[in-house]
Structures are given as structure tokens and as C-alpha cells.
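S.K.: Compact mmCIF, C-alpha atoms, saved as query13.txt, coming up:
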# COMPACT_ATOMS: atom_id res chain seq x y z
CA MET H 15 56.03 -57.64 162.08
CA LYS H 16 54.67 -54.32 163.32
CA LEU H 17 55.72 -53.42 166.83
CA PRO H 18 53.42 -54.04 169.81
CA PRO H 19 51.99 -50.96 171.54
CA PHE H 20 53.99 -49.20 174.26
CA ASP H 21 54.29 -45.76 175.80
CA TYR H 22 57.29 -43.59 175.11
CA ALA H 23 59.28 -41.13 177.21
CA CYS H 24 62.38 -39.14 176.36
CA PRO H 25 64.07 -37.91 179.56
CA THR H 26 67.13 -35.66 179.62
CA SER H 27 68.93 -37.01 182.70
CA VAL H 28 69.90 -40.37 184.19
CA ALA H 29 67.90 -39.62 187.35
CA GLU H 30 64.77 -38.90 185.35
CA ALA H 31 65.26 -42.05 183.25
CA VAL H 32 65.68 -44.21 186.35
CA ALA H 33 62.55 -42.75 187.97
CA LEU H 34 60.56 -43.54 184.80
CA LEU H 35 61.84 -47.13 184.77
CA ALA H 36 61.02 -47.56 188.45
CA SER H 37 57.48 -46.29 187.99
CA HIS H 38 56.47 -49.18 185.71
CA ASP H 39 56.94 -52.24 187.94
CA GLY H 40 59.68 -53.80 185.85
CA GLU H 41 57.71 -53.45 182.62
CA ALA H 42 59.65 -50.46 181.28
CA LYS H 43 62.79 -50.78 179.13
CA PRO H 44 65.48 -48.27 178.27
CA LEU H 45 65.87 -47.60 174.53
CA ALA H 46 69.44 -46.87 173.43
CA GLY H 47 70.22 -47.35 169.72
CA GLY H 48 67.33 -49.80 169.29
CA GLN H 49 69.29 -52.11 166.99
CA SER H 50 68.60 -55.15 169.20
CA LEU H 51 65.55 -54.02 171.13
CA VAL H 52 63.43 -53.04 168.12
CA PRO H 53 63.81 -56.50 166.47
CA MET H 54 62.97 -58.01 169.89
CA LEU H 55 59.78 -55.95 169.88
CA ALA H 56 58.98 -57.00 166.31
CA PHE H 57 59.33 -60.66 167.33
CA ARG H 58 57.35 -60.09 170.57
CA VAL H 59 60.33 -61.35 172.57
CA ALA H 60 60.11 -58.08 174.49
CA LEU H 61 56.73 -56.53 175.41
CA PRO H 62 57.52 -53.47 177.53
CA SER H 63 54.76 -51.12 178.65
CA LEU H 64 57.07 -48.11 178.35
CA LEU H 65 60.22 -47.32 176.38
CA VAL H 66 62.54 -44.81 178.00
CA ASP H 67 64.56 -43.29 175.16
CA LEU H 68 68.05 -42.27 176.33
CA ARG H 69 68.98 -40.22 173.25
CA LYS H 70 68.70 -36.86 175.03
CA VAL H 71 70.77 -37.89 178.07
CA ALA H 72 73.94 -36.04 177.08
CA GLU H 73 76.01 -37.41 179.98
CA LEU H 74 75.83 -40.91 178.42
CA ARG H 75 77.46 -39.93 175.13
CA ARG H 76 81.05 -39.27 176.21
CA ILE H 77 84.25 -41.17 175.42
CA THR H 78 86.74 -40.35 178.19
CA ILE H 79 90.40 -41.39 178.05
CA THR H 80 92.48 -40.93 181.21
CA ASN H 81 95.59 -42.55 182.70
CA GLU H 82 93.30 -45.06 184.40
CA GLY H 83 91.74 -46.29 181.18
CA ILE H 84 88.83 -45.63 178.89
CA ALA H 85 85.26 -44.89 179.86
CA LEU H 86 82.64 -45.37 177.17
CA GLY H 87 79.32 -43.71 177.89
CA ALA H 88 76.45 -46.14 177.41
CA MET H 89 75.07 -44.18 174.43
CA VAL H 90 78.36 -44.13 172.50
CA ARG H 91 77.68 -45.57 169.05
CA TRP H 92 79.92 -48.06 167.22
CA ARG H 93 80.52 -45.48 164.55
CA GLU H 94 81.87 -43.03 167.12
CA ILE H 95 84.35 -45.64 168.38
CA LEU H 96 85.56 -46.35 164.84
CA ASP H 97 85.82 -42.63 164.04
CA ASP H 98 87.69 -41.68 167.24
CA ALA H 99 91.37 -41.59 166.21
CA ARG H 100 92.49 -41.59 169.88
CA LEU H 101 91.08 -45.07 170.45
CA ARG H 102 93.26 -46.64 167.76
CA THR H 103 96.17 -46.33 170.16
CA ALA H 104 94.26 -46.06 173.45
CA HIS H 105 92.47 -49.38 172.87
CA PRO H 106 93.23 -51.05 169.54
CA LEU H 107 91.58 -54.34 170.60
CA LEU H 108 88.27 -52.55 171.16
CA VAL H 109 88.50 -50.92 167.73
CA ALA H 110 89.39 -54.24 166.05
CA ALA H 111 86.39 -55.95 167.65
CA VAL H 112 83.92 -53.14 166.94
CA ALA H 113 84.83 -53.30 163.24
CA HIS H 114 83.11 -56.71 163.29
CA VAL H 115 79.85 -55.44 164.80
CA ALA H 116 76.94 -56.04 162.44
CA HIS H 117 76.61 -53.83 159.35
CA TYR H 118 77.36 -50.25 158.31
CA GLN H 119 73.83 -48.95 159.00
CA ILE H 120 73.61 -50.76 162.35
CA ARG H 121 76.98 -49.35 163.43
CA ASN H 122 75.60 -45.84 162.81
CA ARG H 123 72.89 -46.38 165.46
CA GLY H 124 73.88 -49.22 167.78
CA THR H 125 75.41 -48.37 171.16
CA VAL H 126 77.85 -50.04 173.54
CA GLY H 127 75.41 -49.84 176.45
CA GLY H 128 72.62 -51.35 174.38
CA SER H 129 74.80 -54.28 173.36
CA MET H 130 75.89 -54.90 176.94
CA ALA H 131 72.32 -54.80 178.26
CA HIS H 132 71.10 -57.06 175.44
CA ALA H 133 73.83 -59.61 176.34
CA ASP H 134 73.81 -61.72 173.21
CA PRO H 135 76.39 -64.48 173.83
CA ALA H 136 77.78 -63.95 170.31
CA ALA H 137 78.12 -60.15 170.52
CA GLU H 138 81.54 -58.50 170.38
CA MET H 139 81.26 -55.82 173.10
CA PRO H 140 80.33 -58.18 175.94
CA GLY H 141 83.25 -60.37 174.86
CA ILE H 142 85.68 -57.46 174.95
CA ALA H 143 84.32 -56.37 178.34
CA VAL H 144 84.88 -59.83 179.83
CA THR H 145 88.28 -60.32 178.19
CA CYS H 146 89.52 -56.91 179.38
CA GLU H 147 88.00 -57.16 182.86
CA ALA H 148 85.83 -54.11 182.29
CA LYS H 149 83.71 -52.57 185.00
CA ILE H 150 80.12 -51.66 184.22
CA ALA H 151 78.78 -48.58 185.99
CA VAL H 152 75.02 -48.65 186.49
CA THR H 153 72.52 -46.38 188.21
CA GLY H 154 69.15 -47.25 189.71
CA MET H 155 66.76 -46.01 192.38
CA ALA H 156 69.12 -47.36 195.06
CA GLY H 157 72.00 -45.32 193.62
CA ALA H 158 75.05 -46.08 191.52
CA ARG H 159 77.06 -49.30 191.63
CA VAL H 160 79.84 -50.90 189.63
CA ILE H 161 79.65 -54.50 188.39
CA ALA H 162 82.61 -56.54 187.12
CA ALA H 163 82.04 -57.76 183.56
CA ALA H 164 82.55 -61.36 184.70
CA ASP H 165 79.55 -61.01 187.06
CA PHE H 166 77.43 -58.90 184.73
CA PHE H 167 76.54 -61.57 182.16
CA GLN H 168 74.38 -64.31 183.61
CA GLY H 169 73.13 -66.17 180.54
CA PRO H 170 71.71 -65.53 177.07
CA LEU H 171 70.05 -62.07 177.16
CA MET H 172 70.39 -62.10 180.97
CA THR H 173 72.42 -59.66 183.03
CA ALA H 174 72.86 -58.46 186.60
CA LEU H 175 70.93 -55.26 185.77
CA ARG H 176 67.84 -54.64 187.89
CA SER H 177 64.71 -53.45 186.14
CA ASP H 178 65.15 -49.86 187.39
CA GLU H 179 68.84 -49.69 186.49
CA ILE H 180 70.51 -48.33 183.40
CA ILE H 181 74.10 -48.73 182.32
CA THR H 182 75.90 -45.40 182.43
CA GLU H 183 79.46 -46.32 181.51
CA ILE H 184 81.70 -49.20 180.47
CA ARG H 185 85.17 -48.78 181.94
CA LEU H 186 88.08 -50.54 180.29
CA PRO H 187 91.40 -50.64 182.17
CA LEU H 188 94.38 -48.77 180.75
CA TRP H 189 95.90 -50.38 177.66
CA PRO H 190 99.74 -50.33 177.68
CA ALA H 191 101.18 -49.12 174.37
CA LYS H 192 103.33 -52.22 173.83
CA ARG H 193 100.62 -54.78 174.58
CA ARG H 194 100.22 -57.46 171.90
CA PHE H 195 96.75 -58.42 170.75
CA GLY H 196 94.61 -60.12 168.13
CA PHE H 197 90.90 -60.37 167.40
CA GLN H 198 89.48 -63.04 165.11
CA GLU H 199 85.88 -63.76 164.27
CA PHE H 200 84.21 -66.27 161.99
CA ALA H 201 80.72 -65.68 160.63
CA ARG H 202 79.17 -67.29 157.59
CA ARG H 203 78.50 -63.87 156.06
CA ARG H 204 80.18 -60.59 156.89
CA GLY H 205 78.22 -58.76 159.59
CA ASP H 206 76.36 -61.81 160.88
CA PHE H 207 76.67 -62.84 164.49
CA ALA H 208 79.89 -64.72 165.20
CA MET H 209 79.79 -68.51 165.05
CA ALA H 210 82.86 -68.09 167.23
CA ALA H 211 85.35 -65.34 167.92
CA ALA H 212 88.43 -64.90 170.07
CA ALA H 213 90.09 -61.86 171.63
CA VAL H 214 93.65 -62.37 172.80
CA PHE H 215 96.16 -60.05 174.44
CA TYR H 216 99.31 -60.37 176.51
CA ASP H 217 102.19 -58.23 177.71
CA GLU H 218 105.85 -59.06 177.11
CA ASP H 219 108.83 -59.02 179.41
CA GLY H 220 112.21 -60.18 178.15
CA GLY H 221 110.57 -61.94 175.20
CA LYS H 222 108.19 -63.92 177.39
CA ALA H 223 104.44 -63.41 177.48
CA HIS H 224 102.66 -62.65 180.72
CA ASN H 225 99.26 -61.32 181.79
CA ALA H 226 97.62 -63.29 178.94
CA HIS H 227 93.89 -62.76 178.50
CA VAL H 228 91.96 -65.01 176.13
CA GLY H 229 88.26 -64.37 175.61
CA ALA H 230 85.78 -66.33 173.51
CA ILE H 231 82.32 -65.44 172.24
CA GLY H 232 79.62 -67.46 170.52
CA VAL H 233 80.55 -70.73 172.24
CA ALA H 234 78.60 -70.61 175.51
CA ASP H 235 75.59 -68.93 177.10
CA ARG H 236 77.77 -65.86 177.81
CA PRO H 237 81.23 -64.57 176.86
CA LEU H 238 84.04 -66.52 178.51
CA ARG H 239 87.65 -66.12 179.58
CA LEU H 240 89.57 -69.29 178.68
CA GLN H 241 92.01 -69.73 181.51
CA ALA H 242 93.58 -72.92 180.21
CA ALA H 243 94.56 -71.11 177.01
CA GLU H 244 95.96 -68.22 179.08
CA ASP H 245 98.03 -70.69 181.10
CA ALA H 246 99.44 -72.10 177.86
CA ILE H 247 100.64 -68.62 176.88
CA ASN H 248 101.92 -67.18 180.17
CA GLY H 249 105.66 -67.51 180.78
CA ASN H 250 106.44 -68.51 177.20
CA SER H 251 107.75 -66.86 174.09
CA ILE H 252 105.10 -67.36 171.45
CA ASP H 253 106.16 -70.00 168.94
CA GLU H 254 104.39 -72.75 166.99
CA ALA H 255 104.36 -75.14 169.95
CA VAL H 256 102.80 -72.57 172.29
CA ILE H 257 100.22 -71.60 169.68
CA ALA H 258 99.25 -75.26 169.21
CA LYS H 259 98.94 -75.71 172.98
CA ALA H 260 96.77 -72.60 173.37
CA GLU H 261 94.55 -73.73 170.48
CA ALA H 262 94.06 -77.18 172.00
CA ALA H 263 93.44 -75.72 175.46
CA ALA H 264 90.84 -73.30 174.08
CA SER H 265 88.94 -76.07 172.31
CA ALA H 266 89.11 -78.35 175.33
CA SER H 267 87.74 -75.70 177.69
CA VAL H 268 84.42 -75.09 175.89
CA ASP H 269 81.41 -77.31 175.42
CA PRO H 270 79.08 -75.54 172.98
CA ALA H 271 75.63 -76.93 172.24
CA ASP H 272 74.41 -77.93 168.77
CA ASP H 273 72.19 -75.34 167.13
CA ILE H 274 70.74 -74.45 163.76
CA HIS H 275 73.99 -72.74 162.65
CA ALA H 276 76.57 -75.36 163.61
CA SER H 277 77.16 -78.49 165.64
CA GLY H 278 78.76 -78.15 169.04
CA ALA H 279 81.78 -80.10 167.77
CA TYR H 280 82.26 -77.63 164.94
CA ARG H 281 82.15 -74.63 167.27
CA LYS H 282 84.55 -76.35 169.67
CA ALA H 283 87.07 -76.77 166.85
CA LEU H 284 86.37 -73.29 165.51
CA VAL H 285 87.09 -71.47 168.76
CA GLY H 286 90.50 -73.16 168.86
CA VAL H 287 91.24 -71.91 165.36
CA MET H 288 90.10 -68.39 166.29
CA VAL H 289 92.43 -68.40 169.32
CA GLU H 290 95.25 -69.75 167.15
CA ARG H 291 94.80 -67.00 164.54
CA ALA H 292 94.34 -64.22 167.11
CA LEU H 293 97.49 -65.34 168.93
CA ARG H 294 99.38 -65.41 165.61
CA ASP H 295 98.25 -61.84 164.93
CA ALA H 296 99.34 -60.84 168.43
CA ALA H 297 102.77 -62.39 167.97
CA GLY H 298 103.16 -61.17 164.40
CA LEU H 299 103.50 -64.74 163.10
CA LYS H 300 102.19 -65.76 159.69
CA THR H 301 99.41 -68.29 159.27
CA THR H 302 100.86 -71.67 158.32
CA MET B 30 52.31 -38.17 169.70
CA PRO B 31 52.92 -35.12 167.54
CA ILE B 32 56.41 -34.97 166.04
CA GLU B 33 58.20 -32.57 163.80
CA PHE B 34 61.22 -33.28 161.63
CA GLU B 35 62.69 -32.55 158.25
CA VAL B 36 62.27 -34.87 155.27
CA ASN B 37 64.06 -34.17 152.01
CA ARG B 38 64.63 -30.55 153.11
CA LYS B 39 60.97 -29.93 154.01
CA ARG B 40 59.63 -29.55 157.55
CA VAL B 41 56.90 -32.04 158.33
CA GLU B 42 54.58 -32.47 161.29
CA VAL B 43 52.89 -35.80 161.88
CA GLU B 44 50.87 -37.47 164.59
CA VAL B 45 52.13 -41.00 165.27
CA GLU B 46 51.81 -43.77 167.80
CA PRO B 47 55.12 -44.41 169.63
CA ARG B 48 55.26 -47.90 168.10
CA MET B 49 55.29 -46.63 164.52
CA THR B 50 58.65 -47.12 162.84
CA LEU B 51 60.24 -44.31 160.86
CA ALA B 52 59.85 -46.52 157.75
CA ASP B 53 56.08 -46.79 158.20
CA CYS B 54 55.79 -43.11 159.03
CA LEU B 55 57.57 -42.18 155.81
CA ARG B 56 55.44 -44.54 153.72
CA HIS B 57 52.00 -44.26 155.32
CA HIS B 58 51.88 -40.72 156.68
CA LEU B 59 54.15 -38.94 154.24
CA ARG B 60 53.48 -41.16 151.20
CA LEU B 61 57.19 -41.48 150.51
CA THR B 62 56.85 -45.04 149.28
CA GLY B 63 60.33 -45.14 147.75
CA THR B 64 61.56 -46.44 151.10
CA HIS B 65 60.86 -50.18 150.92
CA VAL B 66 60.08 -52.37 153.89
CA GLY B 67 61.44 -55.88 153.46
CA CYS B 68 62.14 -57.81 156.65
CA GLU B 69 60.97 -55.33 159.32
CA HIS B 70 63.69 -56.48 161.69
CA GLY B 71 66.90 -54.93 160.50
CA VAL B 72 68.31 -57.61 158.26
CA CYS B 73 67.61 -56.69 154.63
CA GLY B 74 68.60 -53.01 154.36
CA ALA B 75 65.81 -52.13 151.88
CA CYS B 76 64.48 -49.42 154.23
CA THR B 77 67.81 -47.56 154.57
CA VAL B 78 67.44 -43.77 154.81
CA LEU B 79 69.81 -41.01 155.91
CA VAL B 80 69.22 -39.53 159.36
CA ASP B 81 71.40 -36.50 160.08
CA GLY B 82 73.65 -37.69 157.27
CA ALA B 83 74.13 -41.26 158.48
CA ALA B 84 72.70 -44.31 156.71
CA VAL B 85 70.34 -46.10 159.10
CA ARG B 86 67.66 -48.76 158.92
CA SER B 87 64.34 -46.95 159.18
CA CYS B 88 62.57 -50.13 160.38
CA LEU B 89 64.81 -50.14 163.50
CA MET B 90 64.07 -46.55 164.39
CA LEU B 91 60.85 -45.24 165.86
CA ALA B 92 59.33 -42.25 164.13
CA VAL B 93 59.29 -40.46 167.50
CA GLN B 94 63.07 -40.82 167.62
CA ALA B 95 63.33 -38.73 164.46
CA GLU B 96 61.96 -35.67 166.26
CA GLY B 97 64.15 -32.75 165.20
CA ALA B 98 66.24 -34.82 162.79
CA LYS B 99 67.04 -34.27 159.12
CA VAL B 100 65.86 -37.30 157.15
CA VAL B 101 66.69 -37.94 153.51
CA THR B 102 64.95 -40.73 151.62
CA VAL B 103 65.62 -42.14 148.17
CA GLU B 104 63.20 -39.54 146.78
CA GLY B 105 65.49 -36.84 148.15
CA LEU B 106 68.40 -38.34 146.21
CA SER B 107 66.74 -37.96 142.80
CA ARG B 108 66.20 -35.03 140.47
CA ASP B 109 63.02 -33.92 138.76
CA GLU B 110 64.70 -34.27 135.40
CA GLY B 111 67.31 -36.80 134.39
CA LEU B 112 69.28 -39.23 136.52
CA THR B 113 71.83 -38.48 139.20
CA PRO B 114 75.32 -39.90 138.51
CA LEU B 115 74.65 -42.73 140.99
CA GLN B 116 71.30 -43.60 139.37
CA ALA B 117 72.87 -43.40 135.90
CA SER B 118 75.62 -45.74 137.02
CA PHE B 119 73.07 -48.25 138.34
CA ARG B 120 71.36 -48.17 134.93
CA LYS B 121 74.58 -48.44 132.98
CA HIS B 122 75.74 -51.48 134.97
CA HIS B 123 72.32 -53.20 135.17
CA ALA B 124 72.62 -53.00 138.95
CA LEU B 125 69.00 -53.94 139.52
CA GLN B 126 66.46 -56.41 138.31
CA CYS B 127 63.24 -56.46 140.35
CA GLY B 128 64.24 -53.20 142.03
CA PHE B 129 62.96 -53.96 145.51
CA CYS B 130 66.35 -53.53 147.17
CA THR B 131 67.37 -50.58 145.00
CA PRO B 132 66.22 -47.70 147.26
CA GLY B 133 68.32 -49.15 150.10
CA MET B 134 71.27 -49.70 147.77
CA ILE B 135 71.09 -46.10 146.53
CA THR B 136 70.79 -44.52 149.97
CA THR B 137 73.56 -46.71 151.41
CA ALA B 138 75.87 -46.16 148.44
CA HIS B 139 75.21 -42.41 148.54
CA ALA B 140 76.18 -42.25 152.22
CA LEU B 141 79.31 -44.32 151.61
CA LEU B 142 80.45 -42.33 148.56
CA SER B 143 79.79 -39.02 150.31
CA GLU B 144 81.91 -40.09 153.27
CA GLU B 145 84.53 -42.06 151.36
CA PRO B 146 84.64 -41.08 147.68
CA ASN B 147 87.89 -43.03 147.23
CA CYS B 148 86.67 -46.32 148.73
CA ASP B 149 87.85 -49.55 147.09
CA ALA B 150 85.87 -52.61 145.99
CA ASP B 151 86.44 -54.40 149.31
CA ARG B 152 85.00 -51.48 151.23
CA VAL B 153 81.99 -51.27 148.89
CA ARG B 154 81.33 -54.98 149.42
CA GLU B 155 81.76 -54.63 153.16
CA VAL B 156 79.26 -51.77 153.36
CA LEU B 157 76.74 -53.34 150.96
CA SER B 158 76.87 -56.58 152.98
CA GLY B 159 74.09 -55.00 155.04
CA ASN B 160 71.78 -54.84 152.02
CA LEU B 161 70.25 -58.00 150.59
CA CYS B 162 69.67 -58.37 146.83
CA ARG B 163 68.21 -61.63 145.59
CA CYS B 164 68.39 -60.84 141.85
CA THR B 165 71.73 -59.48 140.75
CA GLY B 166 74.37 -61.44 142.62
CA TYR B 167 75.81 -58.05 143.69
CA ILE B 168 78.62 -57.88 141.12
CA SER B 169 76.82 -55.32 138.97
CA ILE B 170 75.88 -53.28 142.06
CA VAL B 171 79.48 -53.14 143.26
CA GLU B 172 80.58 -52.08 139.75
CA ALA B 173 77.91 -49.37 139.63
CA VAL B 174 78.98 -47.94 142.98
CA LEU B 175 82.67 -48.02 142.04
CA ASP B 176 81.94 -46.32 138.73
CA ALA B 177 79.97 -43.55 140.49
CA ARG B 178 82.96 -42.63 142.65
CA THR B 179 84.27 -40.07 140.15
CA ALA B 180 81.11 -37.97 140.48
CA TYR B 181 81.51 -37.86 144.27
CA GLN B 182 85.25 -37.20 144.02
CA ARG B 183 84.52 -34.21 141.80
CA ALA B 184 81.89 -33.03 144.27
CA GLY B 185 84.58 -33.27 146.95
CA GLY B 186 82.58 -35.83 148.92
CA GLY B 187 80.69 -34.40 151.83
CA GLY B 188 77.47 -34.25 149.83
CA ASN B 189 75.92 -36.40 152.53
CA GLY B 190 72.43 -35.53 153.57
CA ALA B 191 71.90 -34.45 149.95
Spit out the file's structure as C-alpha cells when you get a sec.
M.R.:
Amino acid sequence: MKLPPFDYACPTSVAEAVALLASHDGEAKPLAGGQSLVPMLAFRVALPSLLVDLRKVAELRRITITNEGIALGAMVRWREILDDARLRTAHPLLVAAVAHVAHYQIRNRGTVGGSMAHADPAAEMPGIAVTCEAKIAVTGMAGARVIAAADFFQGPLMTALRSDEIITEIRLPLWPAKRRFGFQEFARRRGDFAMAAAAVFYDEDGGKAHNAHVGAIGVADRPLRLQAAEDAINGNSIDEAVIAKAEAAASASVDPADDIHASGAYRKALVGVMVERALRDAAGLKTT
Amino acid sequence: MPIEFEVNRKRVEVEVEPRMTLADCLRHHLRLTGTHVGCEHGVCGACTVLVDGAAVRSCLMLAVQAEGAKVVTVEGLSRDEGLTPLQASFRKHHALQCGFCTPGMITTAHALLSEEPNCDADRVREVLSGNLCRCTGYISIVEAVLDARTAYQRAGGGGNGA
């Protein structure tokens, strides 16, 4: 469908963008890559009075890597993450997950900030943010604040962002070089939204896993950490028995609803298999 | 709003409403009807054009966002006389039937081959997964793209943006 009418502004700074958002009584929306928002407009799910295009806000386009971690500017595109050779060692889990984001053309336009603000429960970036305990830096009329990823997502397409706030940066904690990880996603066709996906990482000390993080997407109203699966991993060396325990714990800790794509029971089983495969990848064990 | 950008190496100035997509601007204002509009919500890939060298869905981009950009449509990837190697390969391999998806296939394949002239069949399939074709079953399209690689390898890739 053709898009509904709206006004358009193209500011060059965060402050100017925030002032524009604030001047429209909650009816204005920031426009990042537009790969989620424009379809929302076409379907009349979103009917903003003003779109505030962030494409000229240069400060939102940076990828910064320091000894504290990685900061992704909100307007960083998927393509830029995949093309940045530094990130393959600085955050290989992020790169593995972003490779699953939508299609080639979408990855050339879509942005990390846009995906976070859209908050689709089956999207990769929100899942990585929650799994990695990312911090989301936002700025509004009241100033800047930082929100933990676990508090940022509040339901399908719902976040802690206020109507005058924009995301400026997604901060991922430092990734140790020896960390083990896996990312597995199942979609009916390549590039579709995940029916379920799992991100797994852990550190090793004397052959035993610790600091396990297991994240799941597509199985609840927001991305989840699966603590029971993490408990099954921590303190153990990863073998078949541990993998089976983590898989069972992952399945047992979600309760997905039936929908047009799959039954809840199917998704419950699927997320276990995704955790199993991701953990196998992390441990370097072959699929049985 | 008045906007100015470049289409197929020519500067254009148009007056558009903010809500007009780049796809509609190309078709209705500039009469470049080679860009096809299928789903209008970013699923089918028929409207793919190159913006500053990158393949993008022109139904998911506002025309006002193209201000200052270099846009190349399927028309910009053809010659006045004869077929380009990519077009010739599509003909040779019967990589189209009704032809509705073909402009998006050509623009997407051109971007891919310009960036990665040595890509393998898996990569071609992965990239073309964003373009729906309901006639061919894709096999002939993948073969056509693979067969066109030699022309892009000779050109040294980098021909993106035509």
C-alpha cells in the first residue's frame, strides 16, 4: 500500500532531532534505515505526523572499539558490521548473528538502532543485546541516559524509549579473545524472521565452562536469557551429557504461543535444538 | 518537497511529497518504469535499484532520502544497442518467464557480481533469496548469474554503480 501522509525533517545533530521529536506530542518518529518502519507505514501500523530522518547525524554512524568493548552508533548499517574486519575478532558473535539479518538489500540499509527501537521479538540484534548484557545509550529532552538491554525490551514492538528519545549507541561489553560461542537460527526460508534462534557463549578455565550466557529469540514477546540452560553449562566441561541437559533446560524454560508459523510446542522443541547446535559450535563438537 | 539527485548518471530535480517512495518517484515522476513494484513492503525485491552503489529496495526508501544520492536503475544497466553480458546470460539460460521480477534480479545480480565477481553458487542463492520469482524455480537464474561472472572478473569487478 502507498504510505500515509507525514511531514519530514532531516536534522544534522542529535539535539536537533530530539527537539523535533519533542515538538510533536509523541506523534513523531525517528527514521533510521526504514527497513522496518516503512513497511509499518505501508500497513498503517504506524501513523506518525512527522518522520525525523537521522541519515545526516554523523555522530550516530561510528563503530568504536576500545578496551571496554564495542560501541555501535545507532545508524550503523548491517553491511558496515559485516564489512568491518576488526569486528570479526572484536565481536565474532555479533558478526555471526548479523549475517542472519534479513536479505542482502535490507542489510545495505537497515541499522542496529532501528532494529533495537523496532523491538521485533524475532530480530537478531535485540537478542544479541540481551545475551551480551549490552547497554543502550539514549538521548531525549531530559538528557542522556543508559538502559540495560534486559530492561529495554518490554514486549512486542515495545521498548523503554520515551517518545522524545532516540537511541544513540549500543554498547557491547569487551569480548575476550578465547571466548567460545555459537549462533544458530532456524527460519523456513533464508532471510525470513527466525522461528527460533539461540546465541550461546561461555569462557573456559581449566577445561570447565563459566560465565555462560544463553539467549533465545523468536520464542517469547521479547528476547530472553535462559538461565536454566546457563546453569546446565556453568562449571562443566562441555560433553554430550551437558549439551543434552542444556537443550532440555532451554526447552523447559520457554512457553511460546501458537501462531500462524508454528505451534508453541514446535517452537519449544526448536529452541532446545538451536541451543544444542549453538553449544556444539561453541565447543567444537560435531552434530550427532 | 523539491529534491535533487542523480539517476543513471543524469541530474534530476523533482517535487515530491515526503511519503512518496523512491520506487514511485522513479516510475511516476521520472517515467523509469523498468523498476517494478511488487509487494510495496520490502519482501519481493522487484523494485531493487542501486543507491550509491548498494542494492536497496526502492519501496523501502523515501524519495526524499535519495537527495544527493547516485541512483542506478535497471535502465542504467542496459545499452542502447545489444545486450550486456548479464542480460545475454539471462537470455541464454532462460532465466525469466513473465519477466516481472527480472529488473530486481538484474540490479541485485549486478551489485553482487561487481562486489564479488568470484562468488560461488551458495552465495548467489543467498543473495537472490531476497528476490521472489514465481515462474522459473530460480535454477536458471542462478546459472545465468554464475555464467556472467567471467564478464565481471574481466572488468575487475568494481563496476558497481554502472
S.K.: Set out as a tab-separated table a contact list for region 157-206 of chain H and region 133-144 of chain H with a cut-off of 12 Å, giving each residue of region 157-206 of chain H that qualifies its closest atom pair and distance in Å to one decimal, counting only C-alpha atoms, ordered by chain and rising residue number.
M.R.:
residue	atom	partner	partner_atom	distance
H:Ile161	CA	H:Ala143	CA	11.2
H:Ala162	CA	H:Val144	CA	8.3
H:Ala163	CA	H:Val144	CA	5.1
H:Ala164	CA	H:Val144	CA	5.6
H:Asp165	CA	H:Val144	CA	9.1
H:Phe166	CA	H:Val144	CA	9.0
H:Phe167	CA	H:Ala133	CA	6.7
H:Gln168	CA	H:Ala133	CA	8.7
H:Gly169	CA	H:Pro135	CA	7.6
H:Pro170	CA	H:Pro135	CA	5.8
H:Leu171	CA	H:Ala133	CA	4.6
H:Met172	CA	H:Ala133	CA	6.3
H:Thr173	CA	H:Ala133	CA	6.8
H:Ala174	CA	H:Ala133	CA	10.4
H:Leu175	CA	H:Ala133	CA	10.8
H:Glu183	CA	H:Ala143	CA	11.6
H:Ile184	CA	H:Ala143	CA	7.9
H:Arg185	CA	H:Ala143	CA	8.4
H:Leu186	CA	H:Ala143	CA	7.2
H:Pro187	CA	H:Ala143	CA	9.9
H:Phe195	CA	H:Ile142	CA	11.9
H:Gly196	CA	H:Ile142	CA	11.5
H:Phe197	CA	H:Ile142	CA	9.6
H:Gln198	CA	H:Glu138	CA	10.6
H:Glu199	CA	H:Glu138	CA	9.2
H:Phe200	CA	H:Ala136	CA	10.8
H:Ala201	CA	H:Ala136	CA	10.3
H:Gly205	CA	H:Ala137	CA	11.0
H:Asp206	CA	H:Ala136	CA	9.8
S.K.: Calculate how many Å separate CA of Arg76 (chain H) from CA of Met90 (chain B), rounding to one decimal.
M.R.: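 Value for the CA of Arg76 (chain H)-CA of Met90 (chain B) distance: 21.9 Å.
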S.K.: Using all atoms listed in the file, I'd like every residue of chain B that has an atom within 10 Å of chain H; please write them out as number ranges by chain.
M.R.: B: 30, 46-50, 53, 68-72, 74, 77-80, 83-91, 93-94, 137, 140-141, 154-160
S.K.: Find the distance between CA of Glu96 (chain B) and CA of Asp109 (chain B) and write it in Å to one decimal.
M.R.: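 That distance, rounded to one decimal, is 27.6 Å.
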S.K.: Pull the closest atom pair for each residue of region 71-150 of chain B that gets at most 9 Å from region 168-180 of chain B, along with the distance in Å to one decimal, counting only C-alpha atoms, ordering rows by chain and then ascending residue number, as CSV.
M.R.:
residue,atom,partner,partner_atom,distance
B:Pro114,CA,B:Ala177,CA,6.2
B:Leu115,CA,B:Ala177,CA,5.4
B:Gln116,CA,B:Ala177,CA,8.7
B:Ala117,CA,B:Ala177,CA,8.5
B:Ser118,CA,B:Ala173,CA,5.0
B:Phe119,CA,B:Ala173,CA,5.1
B:Arg120,CA,B:Ala173,CA,8.2
B:Lys121,CA,B:Ala173,CA,7.5
B:His122,CA,B:Ala173,CA,5.6
B:His123,CA,B:Ser169,CA,6.3
B:Ala124,CA,B:Ile170,CA,4.5
B:Leu125,CA,B:Ile170,CA,7.4
B:Met134,CA,B:Ile170,CA,8.2
B:Ile135,CA,B:Val174,CA,8.8
B:Ala138,CA,B:Val174,CA,6.5
B:His139,CA,B:Val174,CA,8.7
B:Leu142,CA,B:Arg178,CA,6.4
B:Glu145,CA,B:Arg178,CA,8.9
B:Pro146,CA,B:Arg178,CA,5.5
B:Asn147,CA,B:Arg178,CA,6.7
B:Cys148,CA,B:Leu175,CA,8.0
B:Asp149,CA,B:Leu175,CA,7.4
B:Ala150,CA,B:Leu175,CA,6.8
S.K.: Near Ala75 (chain B), counting only C-alpha atoms, which residues have an atom at most 6 Å away, once you skip same-chain residues fewer than 4 positions from it, shown as a list in words?
M.R.: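 In the requested form, the answer reads His65, Gly67, Cys130 and Gly133 of chain B.
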S.K.: For CA of Leu35 (chain H) and CA of Asp178 (chain H), quote the distance in Å rounded to one decimal.
M.R.: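 Straight-line distance from CA of Leu35 (chain H) to CA of Asp178 (chain H) works out to 5.0 Å.
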S.K.: Excluding Ala243 (chain H) and its own-chain neighbours fewer than 5 positions away, which residues fall within 8 Å of it when counting all atoms listed in the file? Please give them as a VMD selection string.
M.R.: chain H and resid 228 259 to 264
